[in-house]
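Report on one structure; see the data block that follows.
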Amino acid sequence: MIGISKLYCGAVEPSDVLRYHRKSSELPSDLLQFSRDKKPVVVWNCTRTCNLRCVHCYAQSEARHYDGEMTTEEGKAMIDDLAAFGCPVLLLSGGEPTLRPDMIELAQYAKDAGMRVVISTNGTQITPEFAQRCADVGLSYVGVSLDGSRETHDRFRGIEGSFDRAVEGLKNAQDAGIKVGVRMTINKRNWRDIDDIFDLMEERNINRACFYHLVYTGRGSALIGEDLNHDETRQAVRLIMDRTKAWFDRGGSPEILTVDNHADGPFVYLELLKENPERAKDVLQLLKWNQGNSTGNGIACVSWDGEVYADQFWRHFSFGNVKDRPFSEIWSDTSRTTPQSELMYRLKDKRPFVKGRCHSCKWLNECGGNFRVRAEAATGDLWDSDPACYLTDKEIGIEE
């Protein structure tokens with residue numbers, strides 16, 4: 001994640017991070033990206049079942065039951081292990097997590113174990129009653145996916161009326177006192193709706209948004225030709241920066257992030273070098289602490305059936321199953337004695353293994369090698385350059 005409000009607007013200073021000694025167990029959620037130990041935030045796709053059929057779904061979910069989903073007791077055993085391992089956050093996702101009958105029970109169990117619990121949802125199932133149950137548990141955050149304006153969103157989600165139901169879900173969660181935010185996956189079909197999302201957020205006092213770059217996987221792989229070109233990506237990120245800054249200048253306090261393309265960090269820095277060189281110095285320090293893409297290190301995914309992945313987009317390569325072996329053991333195995341442990345070893349520090357522009361890039365330490373699974377989808381080589389990097393050769397230092 002790249003915090004636009006943190007970096008570009010100065011919502012976080014280096015001194016804010018240093019107050020917490022940069023330990024995952026001590027840092028508040030909004031500063032976890034700067035931790036030293038990189039204990040993973042775990043995305044648990046606790047069910048594959050979903051009531052919508054989104055064109056960019058990495059889980060390829062449908063409105064049906066799937067065999068092999070982890071039981072309540074298996075989920076609790078995993079949570080015990082995650083908490084003991086020091087994982088700071090459990091993010092319940094899907095499919096649609098609110099369709100899992102024991103979701104509230106599992107969230108309560110994780111809270112009682114000392115973890116922060118958040119959910120990523122399409123919002124359509126968050127009634128006032130369900131929102132209150134989430135509030136009673138002490139859910140830290142509810143992120144609701146919106147793909148743009150009403151027409152754009154409903155077309156993406158495959159169900160007419162899903163936009164209005166999602167917005168109603170956001171309101172219900174807000175009314176229950178839960179922090180809420182919007183999640184948007186950007187591509188050619190919807191990037192011009194970014195302004196609409198900001199307008200909606202300001203109108204409804206929704207202060208947090210994550211704008212996701214497209215990752216080619218799941219049903220999203222069918223959209224590989226609909227990813228933004230590099231000029232469009234620059235325009236989109238610049239628009240997000242400008243709207244965030246304008247909101248701050250009006251006295252607001254938005255928390256705006258971009259996700260899944262760590263070229264955004266150097267881009268913000270380079271823009272600030274032209275606009276505010278003093279602030280740029282602080283941004284560079286924060287980028288060095290952030291260390292860029294955290295796949296297989298600071299972010300992990302456990303699937304509905306217990307398979308462990310480097311993140312929620314790596315459905316084709318499992319490191320093991322929590323039904324057979326604790327997550328903590330799977331995640332710590334860098335023995336290089338199996339293909340799984342070899343990949344885990346490389347993901348802990350991708351820099352020696354990346355090729356092409358990524359290998360030669362002067363921002364490699366700050367970017368972390370960007371998204372390997374996207375490089376694999378586009379080129380067939382896991383370690384080739386990430387095609388979504390929109391920085392020019394001159395900006396990355398291979399052309400002076």
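Note on naming: chains are A, B, ... as they come in the structure tokens, residues start from 1 per chain, ligands start from 1 in the order shown.
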- Query: Which residues in stretch 100-223 of chain A does DSSP call strand (DSSP E)? List them as a ChimeraX atom specification.
  - Reply: /A:116-121,141-145,180-186,208-213
- Message: Give me, as number ranges by chain, the residues of stretch 180-299 of chain A that a backbone DSSP run labels helix (DSSP H, G or I).
- Response: A: 191-204, 218-226, 230-249, 264-275, 277-290
- Task: Extract, using only C-alpha atoms, all DNA, RNA and protein residues at most 10 Å from A:Tyr109, discarding same-chain residues fewer than 6 positions from it, and format them as a list of chain:residue names.
- Result: A:Gly75, A:Lys76, A:Ile79, A:Asp80, A:Met103, A:Met115, A:Val117, A:Val137
Using only N, CA and C atoms, please write the residues we just selected to a file, as an mmCIF file, in the first residue's frame.
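Contents of the output file selection.cif:
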```cif
data_model
loop_
_atom_site.group_PDB
_atom_site.id
_atom_site.type_symbol
_atom_site.label_atom_id
_atom_site.label_comp_id
_atom_site.auth_asym_id
_atom_site.auth_seq_id
_atom_site.Cartn_x
_atom_site.Cartn_y
_atom_site.Cartn_z
ATOM 1 N N GLY A 75 -11.043 -22.990 11.853
ATOM 2 C CA GLY A 75 -10.771 -21.565 11.811
ATOM 3 C C GLY A 75 -10.234 -21.043 13.127
ATOM 4 N N LYS A 76 -10.812 -21.495 14.220
ATOM 5 C CA LYS A 76 -10.348 -21.053 15.537
ATOM 6 C C LYS A 76 -8.927 -21.546 15.829
ATOM 7 N N ILE A 79 -6.654 -19.269 14.003
ATOM 8 C CA ILE A 79 -6.584 -17.968 14.668
ATOM 9 C C ILE A 79 -5.670 -18.028 15.885
ATOM 10 N N ASP A 80 -5.750 -19.098 16.654
ATOM 11 C CA ASP A 80 -4.845 -19.268 17.804
ATOM 12 C C ASP A 80 -3.392 -19.196 17.359
ATOM 13 N N MET A 103 -19.317 -16.061 10.775
ATOM 14 C CA MET A 103 -18.346 -14.990 10.632
ATOM 15 C C MET A 103 -18.225 -14.146 11.898
ATOM 16 N N MET A 115 -6.170 -9.952 18.191
ATOM 17 C CA MET A 115 -5.956 -9.481 16.833
ATOM 18 C C MET A 115 -6.935 -8.361 16.491
ATOM 19 N N VAL A 117 -9.466 -7.009 13.745
ATOM 20 C CA VAL A 117 -10.267 -7.719 12.749
ATOM 21 C C VAL A 117 -10.968 -6.707 11.853
ATOM 22 N N VAL A 137 -18.891 -6.701 18.345
ATOM 23 C CA VAL A 137 -17.631 -7.448 18.354
ATOM 24 C C VAL A 137 -16.441 -6.498 18.503
#
```
- Item | 10 Å contact set for A:Leu7, only C-alpha atoms, chain neighbours under 3 positions out, as an MDAnalysis selection string | chainID A and resid 2:4 10:13 241 257 265 268:269 272 279:280 282:284 286:287
Store the residues picked out above in a file with C-alpha atoms, as a PDB file, in the first residue's frame.
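Contents of the output file again.pdb:
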```pdb
ATOM      1  CA  ILE A   2       1.113   3.536  -0.763  1.00  0.00           C
ATOM      2  CA  GLY A   3      -0.438   6.119   1.521  1.00  0.00           C
ATOM      3  CA  ILE A   4      -1.182   9.132  -0.664  1.00  0.00           C
ATOM      4  CA  GLY A  10       2.009  15.003   5.148  1.00  0.00           C
ATOM      5  CA  ALA A  11      -0.525  13.134   7.275  1.00  0.00           C
ATOM      6  CA  VAL A  12       2.355  11.028   8.632  1.00  0.00           C
ATOM      7  CA  GLU A  13       5.852  12.198   9.476  1.00  0.00           C
ATOM      8  CA  MET A 241      -3.186  12.856  -5.408  1.00  0.00           C
ATOM      9  CA  LEU A 257      -4.136   4.722  -0.386  1.00  0.00           C
ATOM     10  CA  GLY A 265       5.731   5.557  -4.151  1.00  0.00           C
ATOM     11  CA  VAL A 268       4.759  10.615  -5.487  1.00  0.00           C
ATOM     12  CA  TYR A 269       8.336  11.364  -4.436  1.00  0.00           C
ATOM     13  CA  LEU A 272       7.034  16.271  -4.665  1.00  0.00           C
ATOM     14  CA  ARG A 279       8.569  17.266   2.141  1.00  0.00           C
ATOM     15  CA  ALA A 280      10.160  15.004  -0.474  1.00  0.00           C
ATOM     16  CA  ASP A 282      10.560  12.887   4.511  1.00  0.00           C
ATOM     17  CA  VAL A 283       8.736  10.901   1.839  1.00  0.00           C
ATOM     18  CA  LEU A 284      11.967   9.219   0.761  1.00  0.00           C
ATOM     19  CA  LEU A 286       9.092   6.713   4.671  1.00  0.00           C
ATOM     20  CA  LEU A 287       9.468   4.843   1.376  1.00  0.00           C
TER      21      LEU A 287
END
```
